[in-house]
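*Asks:* Have a look at this one.
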Amino acid sequence: MNNYFSRLVIGLFIGALILLLYRYQRGYDDSIEYYVTTSAETTEFAAYPFTKGPFQFSFKGEAYSLAESFAAGPIVRDINAETGFLALILIGLCLILATVSSLPRWLFTGVMALFIFFIISLNLDEVGLFGLSSNTSTTMIILLILFVVPAYLFHAFFTEVSLSIRFVVFALLSAGIAYFGGVPQQALVDQFTVGSHFGLAIIGLLFLFLIAEENVFAILFLITKSKGGKNNHLHFIVFSLVYLGIIGLYYGKKSGILQTEVAFFDPFILLTISGIVSLWTVTFKNELFGNLLSVGNARMLLAALGVVTLGLLSLAMYRGNDAVYESFHYLIIYAHLGFGAFFFIYILVNFLTPLIEGLIVYKVVYKSQNFPYTSARLGGLVAIAAFFFLANKEALQLLQAGRFNYIGAQTEAKGESLLAGEYYRQGAIFGHDNHYSNYKLGYRELQKGDTQEANFRFSRAATRYPSPQSFINKSSTYAVMSEATPSLVSLKEGLREFPSNPQLQNNLGLTYADQGKTKEAIDLLSQADLSGEWTNANLVNLWKLQQNAEQAQSDFENGNLAVKANVLHSLLKTRQEVPLEFDTADLYPSYPLHRMAFLINASWYFQDPNIPQAIYKALSVPVNEDVYWRAKIAAGMSQFGLGQINDALRTMDQLVAESRGAQKARIMNQMGLIALSQHTIDEALRFFEQAIAEGNEAAFLNKAACLLEKHDLDEAISWSEYLMSIDSSFAQLNQDLNAIRSPEGLSADLQKMRLYYFYENYTTAEISSALATADDAYLLSIWTKISRESLLSEDPMRYQKYRTIFQEYLNPELFIEPDMIVQLNQGKTPQPSNHPVSQLLQVQDSSQFSQIAQLVGRNAYNEPLVLAVANYLQAKDESAAYQLLVECVDINKSSVPLRKQYVLTAIRTGLPKYAEGMLVELERMMSTLDYNEFQAKAQQLKTEVATDSWN
C-alpha cells in the first residue's frame with residue numbers, strides 16, 4: 001500500500017512539474033486576453049456597366065474592406081482555476097503533515113511549531129470562517145485543533161497508521177473546512193492566497209535548498225558509476241565547471257554584470273531537472289537522514305515540498321503575477337550556484353585522489369570527511385546570502401511586490417477600487433517595473449481616459465518582465481496620442497522579445513500597411529500563424545492588401561466572414577471572377593460588422609436571390625448608420641442584378657423617404673440609372689432631375705443622355721450650354737452635339753453617335769455599313785434602343801426591317817424576347833425557347849398565367865414585354881392581366897402606354913371606377929387631342945362591356 005501511495009505521490013510531483021512548464025510556456029495568455037478591433041473602409045468601384053450610344057454608364061458600388069488589429073484586455077481571473085491550483089498546494093501541505101507526523105519527537109515539535117505560525121498567518125478569521133467574528137481567536141483555535149491534534153495522535157499513539165491514511169485524514173479536514181466554512185469561494189481563495197504567500201515561499205526556498213546540488217551529484221554519479229575510469233577527475237571538473245559556468249553566466253546577465261545572452265537556458269528548466277534528479281538521488285543520502293526517516297518517506301516529503309512549490313509558482317504564472325515567479329528566478333540561480341559550487345569544492349577537497357584513481361566515489365560522497373558536508377552546506381548558505389544582499393534583496397522585494405499584487409486583486413474583488421490602486425502602486429515600488437502592478441495601473445488609467453499615464457505604465461510593464469500584451473497596449477496608446485514612430489518602435493521591440501508572436505506580427509503588419517510599406521506588411525502578415533486561434537485576423541489583413549486570385553477560392557471557403565468579405569472586396573476591386581459559392585451557414589453566430597461587410601460585398605459579387613433577404617435579416621439588429629445605408633443600397637442593387645427591378649426601386653424609394661441631402665441625391669441618381677439601363681427614358685429623366693435638384697453633379701451628364709434618347713437634340717444642346725457655363729469640361733460635349741446636327745464632315749465616332757440618336761434618318765445600307773465597324777457594346781446598345789422603340793410603335797414591319805439589318809451582327813439569343821413580343825402582340829403563342837415566359841407558356845397548369853404575370857411584373861420598365869403579355873392574357877386570364885398592370889403602373893409612373901392598357905383592362909374586368917381614376921392621370925400626361933381620342937375609345941369599350949353584360 002505504501003509503495004503504491006509513494007508512486008502516486010511521485011506521479012503527482014511529475015504532474016505538477018508538467019503543469020509548471022505548461023503554465024510557463026503559456027505566459028500571460030491566460031491572464032490577459034486579446035481582443036480584436038475591426039475597422040472598416042469602403043472602396044468605390046464601377047458596377048453593372050452599360051452603354052447608351054456614346055455614353056458609358058455604371059452604378060457606384062461600395063465594397064467594404066476590413067482590418068483587424070489586436071488589443072490586450074485587462075488582467076482577468078478564473079476563480080475556479082485558482083481554486084484548482086490552491087487545491088494542489090493543499091494536497092502538498094497535507095502530504096507534508098502526513099510525513100512530518102512520522103519524524104522524531106524533537107523534529108516533529110519544531111515543524112509543528114512552524115505549522116502553527118503558518119495557520120495563524122492565514123488570518124482566516126478575517127473572512128468569517130465558520131461564521132465566527134473576526135474579533136475573536138476562536139477560528140484560529142478551531143483550525144489548530146483540527147490539524148495539530150490529529151498530527152500529534154498519529155505521531156504519539158497511532159504510529160502504525162500508514163502515510164496514505166494520514167494524508168486522507170488531513171485532506172478530508174481541509175476539504176471540510178473549505179466546504180463547510182461558510183465563506184464564499186472568492187473570499188476564501190483570496191484570503192488563503194494572501195495569507196499563505198510568505199509561508200509557501202519559505203517552503204519553496206526549503207525545496208530549492210534540498211535539490212540545488214543534485215545536478216553536480218548526478219555528474220559525479222555518471223562519471224564514477226563504474227570502477228577504473230581514467231581521468232575521472234578531469235571529466236568531473238570539466239563537466240561541473242561547464243554546468244556551473246552556464247549558471248554563472250546567467251547570474252551575470254540577471255544581475256546586469258554581463259550582457260551576454262545564455263541560449264537554451266532557463267531557471268525553471270533547471271528547477272525541473274533538479275527536481276526529477278533529486279527524487280532519484282534520495283537513495284544515496286541515507287547517510288544524512290537515515291536516523292530520521294526512511295528513504296521512501298524522505299522521497300515523499302521531498303515530493304510534497306515540490307508539489308507545494310510548483311503549485312505556488314503555477315498559480316502565480318496563471319494569474320500573471322510575475323513578481324512571484326521572477327523572485328524564484330533569482331532564488332533558483334542563487335541556490336544552484338551557491339550549493340552547487342560548494343558541493344563541487346567539497347568533492348574536490350575530499351575525493352580528488354579517489355577520483356584520480358578511478359574509484360566509485362558517489363557511494364561514499366556523503367560519508368563523514370575532513371571537510372564536513374555540513375560545512376559545504378553552510379558555505380552554500382553564505383554564498384546565497386551574498387548573492388541576496390548584492391542584489392539589494394531583490395528576491396525578497398519581488399516577493400513583497402507579489403503579495404501586494406495579490407492583496408490589490410483581493411481588494412479589487414471587494415469593490416474597493418481606489419484602495420486596490422494603492423496596493424498596485426506599492427507593488428510597483430517594491431517590485432520595480434514588475435509587469436503585473438504596472439499593467440494593472442496602466443489599464444486602470446486607460447479606462448479613465450488618461451492615455452499618457454496609461455502609456456507610461458504599459459511602457460514600465462514592457463521593460464523588465466514584458467508580455468506581448470504590454471507591447472501591444474504600449475503601441476496602441478502611442479497611436480492614440482498620434483505618435484506614429486514610437487508606436488511602430490514599440491511593436492518592433494515586442495517582436496525582438498517575442499519573435500514569433502502572431503498578434504505583434506499582425507499589428508506591425510497593419511502599421512506597415514498604413515505607411516504604404518505593402519511588401520513588408522504582406523511578409524509579416526504571412527508569418528503570423530494564428531492557426532488554432534479564434535480569429536483569422538492575419539488572413540483578413542492579408543486579403544486587404546494582396547490580390548491573389550489563385551488563393552481566393554481556398555481562403556474564401558476556409559476563412560471566417562471577415563476573410564470572405566475581404567476576398568470579395570479584392571475581387572470586386574480588381575474585377576476578377578473566381579468560382580465561389582454564396583453560403584449563409586456562417587452568418588450566425590458572427591460579429592455584426594463581419595456579417596454586414598460580407599453581405600454587402602456578396603450583394604455586388606453574387607447574383608443570389610437569398611442575399612437581399614439575408615441583408616434585411618441582418619439589419620434587424622442595430623448597426624452603424626453608414627453601414628445601414630450601404631446595406632440597404634446593396635440590397636436594392638442586388639435585386640436589380642437579379643432582374644427584380646420593381647423590388648429594387650421600392651427598396652430605393654424607401655431610402656429616399658428616409659434620407660436627406662447628398663445621400664438622397666445619390667439614391668435618386670441610382671434610380672435614374674436603373675430606369676436608363678432599362679431604356680425607360682421618361683422615368684430616368686424624372687429621377688435625374690430630382691437628383692439634380694438635391695445637388696447630385698453626376699446626374700448632370702445623365703440628364704443630357706436622356707434628352708438625347710428622347711431625340712430632343714435642341715434641348716440637349718441647351719442643357720450642355722448650361723453645363724458648360726458652370727463647368728468648362730462640358731465644352732466637348734456641347735461641341736459634339738452641335739456637330740451631329742448634320743451628317744456632313746463627321747468623324748467615324750461622331751457618325752456612330754448620330755446614327756444612334758437619328759437612325760430613322762439613315763438608309764438600311766448606311767446603317768449596315770456603320771454597324772460593320774462597331775464594337776459589341778455599341779451594337780447591343782443601339783439594338784436595345786431600336787428594338788424597344790420599334791416594339792412600342794406597334795408597327796411589326798418596322799421591327800422586322802431593323803431585325804433584318806442587325807441579325808447579321810448580333811447573337812441570335814438577343815432576338816428571342818423581341819420576337820416573342822411580336823408574336824404575343826399578334827395573339828399567337830410564341831415559339832418554344834429558353835425565355836422564362838415561353839417556358840411557362842408550355843406548361844399546362846391552372847396557375848401558369850398568374851405565374852407569367854408575376855414573372856413579367858418583376859420589371860415594370862420592360863414596357864414592350866409587359867404590354868404584350870397583358871394583351872395576350874386578356875383572352876386567357878383577365879384577372880392576371882389586370883394584376884400585372886396594377887403592379888407595373890405603380891412602379892412606372894411615366895408610362896402612358898401602360899396606363900392606357902390599364903384603363904382598357906380595368907373596363908374589361910368590370911372595374912370602370914378604377915379606369916376613370918387612371919383617365920384623370922392620363923389627361924395630365926397626354927396632349928388634348930390624343931387624350932380625347934383615347935377617352936372616346938375607352939368610353940366605347942365601356943359601352944360594349946355594359947351591353948355584353950346585359951345580353
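So you can find residues: chains in the C-alpha cells are A, B, ... in the order shown, residues in each start at 1, and ligands are numbered from 1 in order.
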Please report, as CSV, each residue of region 43-140 of chain A lying at most 12 Å from region 457-467 of chain A, together with the nearest pair of atoms and the separation in Å rounded to one decimal; use only C-alpha atoms, and order rows by chain and ascending residue number.

*Replies:*
residue,atom,partner,partner_atom,distance
A:Ala72,CA,A:Ser467,CA,10.2
A:Pro74,CA,A:Phe458,CA,11.7
A:Ile75,CA,A:Ser467,CA,11.8

*Asks:* Okay, now the selection with N, CA, C and O atoms, as a PDB file, in the first residue's frame?

*Replies:*
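In the end it all went to out16.pdb:
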ATOM      1  N   ALA A  72      -5.014  44.345 -26.141  1.00  0.00           N
ATOM      2  CA  ALA A  72      -4.933  43.470 -24.975  1.00  0.00           C
ATOM      3  C   ALA A  72      -5.875  43.989 -23.903  1.00  0.00           C
ATOM      4  O   ALA A  72      -5.929  45.195 -23.632  1.00  0.00           O
ATOM      5  N   PRO A  74      -7.822  43.636 -19.903  1.00  0.00           N
ATOM      6  CA  PRO A  74      -7.318  43.696 -18.521  1.00  0.00           C
ATOM      7  C   PRO A  74      -6.838  42.333 -18.046  1.00  0.00           C
ATOM      8  O   PRO A  74      -7.070  41.316 -18.709  1.00  0.00           O
ATOM      9  N   ILE A  75      -6.156  42.323 -16.937  1.00  0.00           N
ATOM     10  CA  ILE A  75      -5.784  41.057 -16.303  1.00  0.00           C
ATOM     11  C   ILE A  75      -7.047  40.466 -15.696  1.00  0.00           C
ATOM     12  O   ILE A  75      -7.736  41.118 -14.901  1.00  0.00           O
TER      13      ILE A  75
END

*Asks:* Within 6 Å of Tyr423 (chain A), counting only C-alpha atoms, which residues qualify if same-chain residues fewer than 3 places away don't, as a list in words?

*Replies:*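 Skipping anything fewer than 3 positions along the chain leaves Phe404, Gly408, Ala420 and Gln426 of chain A.
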
*Asks:* Quick check, in Å to one decimal: how far apart do CA of Leu378 (chain A) and CA of Thr353 (chain A) lie?

*Replies:*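 So the two atoms, CA of Leu378 (chain A) and CA of Thr353 (chain A), lie 24.1 Å apart.
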
*Asks:* Could you pull the residues within 12 Å of region 515-524 of chain A, counting only C-alpha atoms, minus those fewer than 4 positions along the same chain, as a PyMOL selection string?

*Replies:* chain A and resi 484-485+488+491-492+495+499-511+528-529+538-548

*Asks:* Restrict the selected residues to C-alpha atoms and save them as a PDB file, in the first residue's frame.

*Replies:*
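Result file is part38.pdb:
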ATOM      1  CA  ALA A 484       3.292  57.038 -35.041  1.00  0.00           C
ATOM      2  CA  THR A 485       7.031  56.387 -34.768  1.00  0.00           C
ATOM      3  CA  LEU A 488       5.919  51.395 -34.601  1.00  0.00           C
ATOM      4  CA  LEU A 491       5.847  46.734 -31.892  1.00  0.00           C
ATOM      5  CA  LYS A 492       9.373  46.129 -33.187  1.00  0.00           C
ATOM      6  CA  LEU A 495       8.937  41.245 -31.734  1.00  0.00           C
ATOM      7  CA  PRO A 499       9.904  36.863 -32.302  1.00  0.00           C
ATOM      8  CA  SER A 500       7.020  34.595 -33.310  1.00  0.00           C
ATOM      9  CA  ASN A 501       4.124  36.291 -31.579  1.00  0.00           C
ATOM     10  CA  PRO A 502       1.333  36.429 -34.191  1.00  0.00           C
ATOM     11  CA  GLN A 503      -0.529  39.295 -32.532  1.00  0.00           C
ATOM     12  CA  LEU A 504       2.536  41.545 -32.634  1.00  0.00           C
ATOM     13  CA  GLN A 505       3.267  40.471 -36.203  1.00  0.00           C
ATOM     14  CA  ASN A 506      -0.308  41.252 -37.193  1.00  0.00           C
ATOM     15  CA  ASN A 507      -0.334  44.728 -35.667  1.00  0.00           C
ATOM     16  CA  LEU A 508       3.097  45.598 -37.051  1.00  0.00           C
ATOM     17  CA  GLY A 509       1.982  44.376 -40.472  1.00  0.00           C
ATOM     18  CA  LEU A 510      -1.040  46.693 -40.328  1.00  0.00           C
ATOM     19  CA  THR A 511       1.194  49.575 -39.259  1.00  0.00           C
ATOM     20  CA  ALA A 528       1.630  35.459 -38.357  1.00  0.00           C
ATOM     21  CA  ASP A 529       0.442  31.956 -37.520  1.00  0.00           C
ATOM     22  CA  ASN A 538      -3.786  37.889 -40.254  1.00  0.00           C
ATOM     23  CA  LEU A 539      -5.667  36.382 -43.195  1.00  0.00           C
ATOM     24  CA  VAL A 540      -8.234  39.171 -43.063  1.00  0.00           C
ATOM     25  CA  ASN A 541      -5.457  41.743 -43.272  1.00  0.00           C
ATOM     26  CA  LEU A 542      -3.582  39.840 -45.973  1.00  0.00           C
ATOM     27  CA  TRP A 543      -6.648  39.987 -48.199  1.00  0.00           C
ATOM     28  CA  LYS A 544      -6.961  43.688 -47.530  1.00  0.00           C
ATOM     29  CA  LEU A 545      -3.534  44.050 -49.194  1.00  0.00           C
ATOM     30  CA  GLN A 546      -2.967  41.183 -51.597  1.00  0.00           C
ATOM     31  CA  GLN A 547      -4.705  40.381 -54.870  1.00  0.00           C
ATOM     32  CA  ASN A 548      -4.017  36.679 -55.219  1.00  0.00           C
TER      33      ASN A 548
END

*Asks:* Excluding Asn738 (chain A) and any residue of its chain fewer than 3 positions from it, enumerate the residues within 12 Å of it, using only C-alpha atoms, and give them as a list in words.

*Replies:*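 Selected residues are Leu713, Asp714, Glu715, Ala716, Ile717, Ser718, Ser720, Glu721, Ala731, Gln732, Leu733, Asn734, Gln735, Arg741, Ser742, Pro743, Glu744, Leu746, Leu750, Met753 and Arg754 of chain A.
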
*Asks:* Have a look at CA of Glu813 (chain A) and CA of Ile786 (chain A) and let me know their distance in Å, one decimal.

*Replies:*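 We find that CA of Glu813 (chain A) and CA of Ile786 (chain A) lie 16.3 Å from each other.
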
*Asks:* Quick one: pull the distance between CA of Thr764 (chain A) and CA of Phe806 (chain A), Å, one decimal.

*Replies:* 10.2 Å
